[in-house]
Amino acid sequence: MRSGFILLISAAWGIIGCSPPAAGAGRELVTALTGKFPPFSYYDRQGKLAGFDVDVSREIARRLHRKSKLIATEWDGILAGLLAKKYDAIIGSMAITPERCKRVNFSIPYYNSGAQLFVRRDNPGRIYSLDECAGCRIAVVLGETYQRFLEKNYPDIKVVTFKSTVEIFEMLEQKRISGFVTDKLVGCWQIKQTKRPFVPVGGMLYTERIGIPVRKERVELLKQINRAVSAMRADGTMKKIYRRYFGTDVSSVRQSGEMTFAVKAGKLLKGFAVTLMIAFSSILIGFLLAVPAGVLLMHAGGIWLIPNLAVRWFVDVIRGTPVLIQLLFVWLGLGFRPFSAAIVTLGICAMAYMAEAVRSGLLSVDPGQNLAAKALGLPAVDRFRFVIWPQAFRVMLPPLMNSVVALIKDTALVSVISIPELIREAQSIISVTFEPRIYYLIAALLFFIVTFPLMKLSGKIERNIKARGFQYDQG
Amino acid sequence: MIRVDNLSYTYGNGVQALRNITAVFPREHIFAIMGRSGSGKTTLLNCIARFLRPQQGAVFWEKTNILDLDEKRFRSILGVVFQRLNLFPHLTVLGNMTLAPRRLRGCSRQSAEAEALEMLDRLGIAELAESYPAQISGGQAQRVAIARGLMLKPKVMLLDEPTSALDARTTSEFAQWLRELKSATSFIVVTHDLSFAGETARNGMFMVGGRIRECGRMEDIFKHVKKEAGTYD
């Protein structure tokens, strides 16, 4: 049900041609999903992954005599992750399309679904089918097949894309879009859960077959999955799982919309802890690397020329490219695990910014200071440690603090490489509660609690330096 | 005793600052090197202090070429106070004075500080011990810079233009202070201020265009210089 436009990204990683260690070679069946696509995958009251796709994954793993391990990751990088061997398969409601079939092999379908147009119940635009939508803003989730379908068949419609249905629901509630296209089952379920005044209009646009993609070379695994899916269909297991989420028997439908307060708080705090852990490890790495880098940046002559140019170019490249791309490159391109990728990328990024601060701090120290220390007979290491560095450090502290604050905020980006940090945990709560205002506000507040004292501290240090009359005396 | 033998120095831009200088600096309390700006006196100081390497000739301490001395030994013989002093602004006066003894001689903090306080007391500036360089006056900073150099007990100390940032009254106060300073160290003062030189030194040399014009007792030097230039202030 979601599109193949990420194939472009996948192809890019394919060209880079890395071979990280194969996932799931042991006894685990590692499968990916988003965790933000209820009722197919979402976080339940206890904060655990649940949903139709989750149950199917576990059942297939059981039938393959392997332990099921689920990885929650962003939809727009999910196929690239499969190709980069981050997991064995995707059991996350992925539609079988010709483009995707060029890159991966799909299992036989485990369910069918279809696209549906939804509008507000009061229907201010008097829209009853897609044919009446010319000039209207119709929303789809970024990366879903509906986007291409609409652009191809309804060129007059203004297609707008969002990260998830949470944002789309808010947009339609505020009448900033006319309607949205999503899977009929999912759409109806989400509307019911959130009690939104939205209704499906017109018939199903088309039917999609939903399969399980694996990498082309995993022929044996594909056979095993096909056998398991056929058996689950034949013996009624699939129907049982289906009924659990969409069946008429209300007593068996799991309510997901009510995470307890404790679970929500736990998720947010855990995410916050992960954010802080990543931020402070990267800051530490960044600073330790920035000191030698900053020193190298000061020396451009003689034997220092080559290392100086190397550091100069490296720092410029890091500063001149988006952190998001660096993160994706290290994660998918170089095959790092998510946590190492986050700490390495943000650490190096911090290094690049801090190295400039270190360099300008060192440059601010009068060369006469070094000469005077030399005249006192102090060796080079002592001159740096006791004379140059303490003076330079006071000057570089304010810009260093700015880098630290910027880096803490940049950790928000690591949610895209499937790390359960604050933003991602907030999004997983929002995907079942549909309350973006509250939870994004809480996340922002938590960030602010950390960054605000740092900013205040930075200002205080700056004033202290000025108050101390930190200028060079002219005897 | 410092001896300079046939010393020449030419800067990268082709300016020849020293031309075949030969001189002996006798061990006495204060010796003055005088001359106008550009006469080569600071270049001579930098060659003696090993901050510049002469293209020709050599500087000797007793009978050894100073370039053959190791750094630690050389700095225990010769101290320098720069025109701009270069006190360490992040350290107190005491911190400035104790850094080198602690790092080079391995003195404990207590013994180094006791020594520094004794030195400050002897120089009559004990009240500055806990001040930072930015908090003291130009004349005081000049004395602190000398005190810092004296902590290493050098045999000779070079002072580069010590009065360039002092007003007339402070200059004469400083001259008196330097004259009365009780120390085993000899001072070589590089200055363009003839009256200051006359107040402090008994012997000296006068440089013109990278050469020594006059050398000897100050009265003789002044006589010749005044006769020749007339207007030198």
# chains A, B, ... in the order shown; residues from 1 in each chain; ligands from 1
>>> interface_residues(of="chain B", to="chain A", cutoff="10 Å", atoms="only C-alpha atoms", output="compact mmCIF listing (two decimals) with C-alpha atoms, in the first residue's frame")
# COMPACT_ATOMS: atom_id res chain seq x y z
CA ALA B 49 68.18 35.38 23.75
CA ARG B 50 68.23 32.69 20.99
CA PHE B 51 64.91 33.86 19.51
CA GLU B 71 67.32 24.77 26.72
CA LYS B 72 67.07 24.25 30.47
CA ARG B 73 70.67 25.28 31.13
CA PHE B 74 70.41 28.27 28.79
CA ARG B 75 67.22 29.62 30.44
CA SER B 76 68.89 29.30 33.86
CA LEU B 78 69.62 34.13 30.69
CA GLY B 79 66.22 35.65 31.40
CA VAL B 80 64.23 38.04 29.18
CA VAL B 81 61.56 40.62 29.92
CA PHE B 82 59.80 41.71 26.75
CA GLN B 83 58.76 45.19 25.81
CA ARG B 84 55.14 44.05 26.11
CA LEU B 85 55.92 42.08 29.31
CA ASN B 86 53.52 39.25 28.35
CA LEU B 87 52.38 38.52 31.88
CA PHE B 88 49.94 35.58 31.88
CA PRO B 89 46.55 37.28 32.29
CA HIS B 90 44.78 34.20 33.67
CA LEU B 91 47.19 33.81 36.60
CA ASN B 96 52.91 34.04 37.12
CA MET B 97 55.99 33.79 39.31
CA LEU B 99 54.68 28.48 37.19
CA ALA B 100 58.22 28.05 35.85
CA PRO B 101 59.90 27.06 39.16
CA ARG B 103 57.35 22.96 36.32
CA LEU B 104 61.12 23.18 35.77
CA TYR B 132 45.74 39.73 38.34
CA PRO B 133 47.85 41.48 35.67
CA ALA B 134 44.82 43.47 34.45
CA GLN B 135 44.40 44.94 37.94
CA ILE B 136 47.86 46.50 38.34
CA SER B 137 49.51 49.60 36.84
CA GLY B 138 52.11 49.69 34.07
CA GLY B 139 54.99 50.41 36.46
CA GLN B 140 53.91 47.64 38.79
CA ALA B 141 53.54 45.22 35.85
CA GLN B 142 57.11 46.04 34.77
CA ARG B 143 58.40 45.11 38.24
CA VAL B 144 56.29 41.94 38.36
CA ALA B 145 57.70 40.86 34.98
CA ARG B 148 58.95 36.60 37.42
CA GLY B 149 62.24 36.40 35.51
CA LEU B 150 64.33 36.60 38.66
CA MET B 151 62.58 33.54 40.14
CA LEU B 152 64.77 31.36 37.93
CA PRO B 162 61.32 48.68 29.89
CA THR B 163 60.13 52.31 29.89
CA SER B 164 58.31 52.47 26.58
CA ALA B 165 54.87 52.45 28.23
CA LEU B 166 55.72 54.47 31.34
>>> residues_around(residues="Gly40 in chain B", least_positions_apart="4", cutoff="10 Å", atoms="only C-alpha atoms", output="list in words")
Tyr9, Gln16, Ala17, Leu18, Arg19, Met34, Gly35, Arg36, Leu44, Leu45, Asn46, Met207, Val208, Gly209, Gly210, Arg211 and Ile212 of chain B
>>> write_last_selection(atoms="N, CA and C atoms", output="mmCIF file, in the first residue's frame")
data_model
loop_
_atom_site.group_PDB
_atom_site.id
_atom_site.type_symbol
_atom_site.label_atom_id
_atom_site.label_comp_id
_atom_site.auth_asym_id
_atom_site.auth_seq_id
_atom_site.Cartn_x
_atom_site.Cartn_y
_atom_site.Cartn_z
ATOM 1 N N TYR B 9 73.057 39.850 11.140
ATOM 2 C CA TYR B 9 71.715 39.283 10.950
ATOM 3 C C TYR B 9 70.974 40.070 9.885
ATOM 4 N N GLN B 16 69.358 44.460 6.525
ATOM 5 C CA GLN B 16 70.445 43.963 7.347
ATOM 6 C C GLN B 16 70.438 44.728 8.665
ATOM 7 N N ALA B 17 70.074 44.042 9.741
ATOM 8 C CA ALA B 17 69.869 44.715 11.022
ATOM 9 C C ALA B 17 71.137 44.762 11.852
ATOM 10 N N LEU B 18 72.007 43.771 11.689
ATOM 11 C CA LEU B 18 73.261 43.749 12.427
ATOM 12 C C LEU B 18 74.411 43.546 11.448
ATOM 13 N N ARG B 19 75.456 44.372 11.584
ATOM 14 C CA ARG B 19 76.614 44.251 10.684
ATOM 15 C C ARG B 19 77.880 44.015 11.510
ATOM 16 N N MET B 34 71.904 51.297 23.712
ATOM 17 C CA MET B 34 71.060 52.418 23.297
ATOM 18 C C MET B 34 71.081 52.544 21.770
ATOM 19 N N GLY B 35 70.160 53.323 21.273
ATOM 20 C CA GLY B 35 70.102 53.547 19.828
ATOM 21 C C GLY B 35 68.700 53.958 19.437
ATOM 22 N N ARG B 36 68.593 54.564 18.234
ATOM 23 C CA ARG B 36 67.269 54.948 17.741
ATOM 24 C C ARG B 36 66.515 53.688 17.297
ATOM 25 N N LEU B 44 69.709 42.532 18.208
ATOM 26 C CA LEU B 44 70.835 42.026 18.985
ATOM 27 C C LEU B 44 70.334 41.261 20.222
ATOM 28 N N LEU B 45 69.344 41.862 20.888
ATOM 29 C CA LEU B 45 68.761 41.205 22.060
ATOM 30 C C LEU B 45 68.170 39.845 21.691
ATOM 31 N N ASN B 46 67.431 39.800 20.571
ATOM 32 C CA ASN B 46 66.804 38.544 20.158
ATOM 33 C C ASN B 46 67.834 37.480 19.786
ATOM 34 N N MET B 207 74.223 52.213 19.401
ATOM 35 C CA MET B 207 74.210 51.562 18.088
ATOM 36 C C MET B 207 73.618 52.492 17.046
ATOM 37 N N VAL B 208 74.180 52.447 15.832
ATOM 38 C CA VAL B 208 73.641 53.186 14.691
ATOM 39 C C VAL B 208 73.726 52.270 13.477
ATOM 40 N N GLY B 209 72.603 52.085 12.801
ATOM 41 C CA GLY B 209 72.580 51.332 11.543
ATOM 42 C C GLY B 209 73.185 49.945 11.629
ATOM 43 N N GLY B 210 72.935 49.247 12.714
ATOM 44 C CA GLY B 210 73.393 47.863 12.822
ATOM 45 C C GLY B 210 74.842 47.740 13.246
ATOM 46 N N ARG B 211 75.488 48.880 13.578
ATOM 47 C CA ARG B 211 76.883 48.831 14.039
ATOM 48 C C ARG B 211 76.980 49.488 15.402
ATOM 49 N N ILE B 212 78.078 49.172 16.137
ATOM 50 C CA ILE B 212 78.311 49.860 17.404
ATOM 51 C C ILE B 212 79.055 51.150 17.106
#
>>> atom_distance(atom1="CA of Gly203 in chain A", atom2="CA of Asn123 in chain A")
16.5 Å
>>> atom_distance(atom1="CA of Leu400 in chain A", atom2="CA of Leu446 in chain A")
21.5 Å
>>> select_by_dssp(residues="range 49-201 of chain B", states="strand (DSSP E)", output="JSON, numbers by chain")
{"B": [56, 57, 58, 59, 60, 61, 64, 65, 78, 79, 80, 81, 156, 157, 158, 159, 160, 186, 187, 188, 189, 190, 191]}
>>> write_last_selection(atoms="N, CA and C atoms", output="compact mmCIF listing (two decimals), in the first residue's frame")
# COMPACT_ATOMS: atom_id res chain seq x y z
N GLN B 56 75.66 34.86 10.62
CA GLN B 56 77.12 34.87 10.70
C GLN B 56 77.51 35.24 12.12
N GLY B 57 78.62 34.65 12.60
CA GLY B 57 79.09 34.98 13.93
C GLY B 57 78.38 34.18 15.00
N ALA B 58 78.71 34.44 16.27
CA ALA B 58 78.13 33.66 17.35
C ALA B 58 78.09 34.46 18.64
N VAL B 59 77.28 33.99 19.59
CA VAL B 59 77.19 34.57 20.92
C VAL B 59 77.75 33.54 21.89
N PHE B 60 78.63 33.97 22.80
CA PHE B 60 79.24 33.03 23.74
C PHE B 60 78.87 33.37 25.17
N TRP B 61 78.62 32.34 25.97
CA TRP B 61 78.50 32.48 27.41
C TRP B 61 79.78 31.86 27.98
N THR B 64 81.43 29.03 25.92
CA THR B 64 80.57 28.13 25.16
C THR B 64 79.63 28.92 24.23
N ASN B 65 79.52 28.44 22.99
CA ASN B 65 78.53 29.01 22.06
C ASN B 65 77.14 28.75 22.65
N LEU B 78 70.08 32.89 31.28
CA LEU B 78 69.62 34.13 30.69
C LEU B 78 68.09 34.29 30.77
N GLY B 79 67.65 35.36 31.36
CA GLY B 79 66.22 35.65 31.40
C GLY B 79 65.90 36.84 30.51
N VAL B 80 64.64 36.94 30.05
CA VAL B 80 64.23 38.04 29.18
C VAL B 80 62.93 38.65 29.70
N VAL B 81 62.85 39.95 29.71
CA VAL B 81 61.56 40.62 29.92
C VAL B 81 61.26 41.41 28.66
N VAL B 156 72.14 36.56 33.88
CA VAL B 156 71.95 37.79 33.13
C VAL B 156 70.47 37.94 32.78
N MET B 157 69.99 39.16 32.81
CA MET B 157 68.60 39.36 32.39
C MET B 157 68.54 40.50 31.39
N LEU B 158 67.85 40.21 30.26
CA LEU B 158 67.70 41.23 29.23
C LEU B 158 66.37 41.95 29.44
N LEU B 159 66.39 43.29 29.42
CA LEU B 159 65.14 44.05 29.50
C LEU B 159 64.98 44.82 28.20
N ASP B 160 63.88 44.54 27.49
CA ASP B 160 63.66 45.20 26.20
C ASP B 160 62.75 46.41 26.40
N SER B 186 72.93 40.28 36.64
CA SER B 186 73.28 41.48 35.87
C SER B 186 72.16 41.78 34.89
N PHE B 187 71.94 43.07 34.64
CA PHE B 187 70.88 43.46 33.70
C PHE B 187 71.49 44.09 32.45
N ILE B 188 70.98 43.67 31.30
CA ILE B 188 71.31 44.38 30.06
C ILE B 188 70.02 45.05 29.61
N VAL B 189 70.02 46.39 29.60
CA VAL B 189 68.80 47.13 29.30
C VAL B 189 68.88 47.68 27.88
N VAL B 190 67.93 47.31 27.05
CA VAL B 190 67.86 47.85 25.70
C VAL B 190 66.88 49.01 25.73
N THR B 191 67.31 50.20 25.35
CA THR B 191 66.40 51.35 25.46
C THR B 191 66.78 52.45 24.46
>>> residues_around(residues="range 218-226 of chain A", least_positions_apart="3", cutoff="8 Å", atoms="only C-alpha atoms", output="list of chain:residue names")
A:Ile60, A:Leu64, A:Asn105, A:Phe106, A:Ser107, A:Ile108, A:Val214, A:Arg215, A:Val229, A:Ser230
>>> atom_distance(atom1="CA of Phe196 in chain B", atom2="CA of Arg213 in chain B")
19.2 Å
>>> decode(residues="range 430-472 of chain A", atoms="N, CA and C atoms", output="compact mmCIF listing (two decimals), in the first residue's frame")
# COMPACT_ATOMS: atom_id res chain seq x y z
N ILE A 430 1.60 9.60 19.99
CA ILE A 430 0.65 10.38 19.19
C ILE A 430 -0.08 9.48 18.18
N SER A 431 0.63 8.44 17.69
CA SER A 431 0.00 7.58 16.68
C SER A 431 -1.19 6.82 17.24
N VAL A 432 -1.31 6.68 18.57
CA VAL A 432 -2.51 6.05 19.12
C VAL A 432 -3.42 7.04 19.83
N THR A 433 -2.86 8.14 20.35
CA THR A 433 -3.71 9.10 21.06
C THR A 433 -4.22 10.20 20.14
N PHE A 434 -3.52 10.42 19.03
CA PHE A 434 -3.87 11.51 18.10
C PHE A 434 -3.95 12.85 18.81
N GLU A 435 -2.94 13.11 19.68
CA GLU A 435 -2.89 14.39 20.37
C GLU A 435 -1.51 15.03 20.17
N PRO A 436 -1.22 15.46 18.93
CA PRO A 436 0.13 15.98 18.67
C PRO A 436 0.46 17.19 19.52
N ARG A 437 -0.52 18.05 19.82
CA ARG A 437 -0.21 19.28 20.54
C ARG A 437 0.44 18.98 21.88
N ILE A 438 -0.22 18.14 22.67
CA ILE A 438 0.27 17.87 24.03
C ILE A 438 1.66 17.25 23.99
N TYR A 439 1.81 16.22 23.16
CA TYR A 439 3.04 15.43 23.30
C TYR A 439 4.24 16.10 22.63
N TYR A 440 4.00 16.84 21.53
CA TYR A 440 5.12 17.59 20.98
C TYR A 440 5.53 18.71 21.94
N LEU A 441 4.53 19.28 22.62
CA LEU A 441 4.83 20.34 23.59
C LEU A 441 5.67 19.78 24.74
N ILE A 442 5.29 18.60 25.22
CA ILE A 442 6.05 17.98 26.32
C ILE A 442 7.48 17.71 25.87
N ALA A 443 7.61 17.18 24.63
CA ALA A 443 8.96 16.87 24.12
C ALA A 443 9.79 18.16 24.03
N ALA A 444 9.16 19.22 23.51
CA ALA A 444 9.88 20.49 23.38
C ALA A 444 10.31 21.00 24.76
N LEU A 445 9.42 20.85 25.73
CA LEU A 445 9.70 21.31 27.09
C LEU A 445 10.90 20.56 27.68
N LEU A 446 10.92 19.25 27.45
CA LEU A 446 12.03 18.45 27.98
C LEU A 446 13.36 18.91 27.38
N PHE A 447 13.34 19.18 26.05
CA PHE A 447 14.56 19.70 25.42
C PHE A 447 14.97 21.02 26.07
N PHE A 448 13.95 21.87 26.29
CA PHE A 448 14.23 23.21 26.80
C PHE A 448 14.82 23.15 28.20
N ILE A 449 14.35 22.19 29.01
CA ILE A 449 14.86 22.05 30.38
C ILE A 449 16.37 21.84 30.35
N VAL A 450 16.85 21.14 29.34
CA VAL A 450 18.30 20.89 29.26
C VAL A 450 19.03 22.08 28.64
N THR A 451 18.47 22.63 27.55
CA THR A 451 19.22 23.65 26.81
C THR A 451 19.20 25.00 27.52
N PHE A 452 18.11 25.31 28.24
CA PHE A 452 17.99 26.63 28.84
C PHE A 452 19.13 26.93 29.83
N PRO A 453 19.39 26.03 30.82
CA PRO A 453 20.50 26.32 31.74
C PRO A 453 21.83 26.45 31.00
N LEU A 454 22.02 25.67 29.95
CA LEU A 454 23.28 25.76 29.20
C LEU A 454 23.43 27.13 28.55
N MET A 455 22.32 27.63 27.99
CA MET A 455 22.38 28.95 27.35
C MET A 455 22.65 30.02 28.40
N LYS A 456 22.00 29.89 29.57
CA LYS A 456 22.21 30.86 30.65
C LYS A 456 23.67 30.83 31.10
N LEU A 457 24.19 29.61 31.25
CA LEU A 457 25.57 29.43 31.70
C LEU A 457 26.53 30.10 30.73
N SER A 458 26.27 29.90 29.43
CA SER A 458 27.10 30.47 28.39
C SER A 458 27.15 31.99 28.51
N GLY A 459 25.98 32.60 28.72
CA GLY A 459 25.91 34.05 28.88
C GLY A 459 26.67 34.51 30.11
N LYS A 460 26.58 33.73 31.18
CA LYS A 460 27.22 34.11 32.43
C LYS A 460 28.75 34.09 32.26
N ILE A 461 29.24 33.04 31.61
CA ILE A 461 30.68 32.93 31.39
C ILE A 461 31.18 34.12 30.57
N GLU A 462 30.38 34.45 29.53
CA GLU A 462 30.77 35.57 28.66
C GLU A 462 30.89 36.86 29.47
N ARG A 463 29.92 37.09 30.37
CA ARG A 463 29.96 38.31 31.20
C ARG A 463 31.15 38.27 32.15
N ASN A 464 31.43 37.08 32.70
CA ASN A 464 32.56 36.95 33.63
C ASN A 464 33.87 37.30 32.95
N ILE A 465 34.04 36.83 31.73
CA ILE A 465 35.27 37.10 31.00
C ILE A 465 35.44 38.59 30.81
N LYS A 466 34.33 39.26 30.43
CA LYS A 466 34.40 40.70 30.24
C LYS A 466 34.72 41.39 31.55
N ALA A 467 34.09 40.93 32.66
CA ALA A 467 34.26 41.57 33.95
C ALA A 467 35.69 41.43 34.45
N ARG A 468 36.33 40.32 34.08
CA ARG A 468 37.71 40.10 34.54
C ARG A 468 38.72 40.95 33.78
N GLY A 469 38.24 41.71 32.79
CA GLY A 469 39.15 42.58 32.03
C GLY A 469 40.20 41.77 31.31
N PHE A 470 39.73 40.81 30.53
CA PHE A 470 40.64 39.84 29.95
C PHE A 470 41.36 40.43 28.75
N GLN A 471 42.13 41.49 28.96
CA GLN A 471 42.88 41.99 27.83
C GLN A 471 44.36 41.93 28.16
N TYR A 472 45.16 42.14 27.16
CA TYR A 472 46.59 41.98 27.38
C TYR A 472 47.19 43.27 27.87
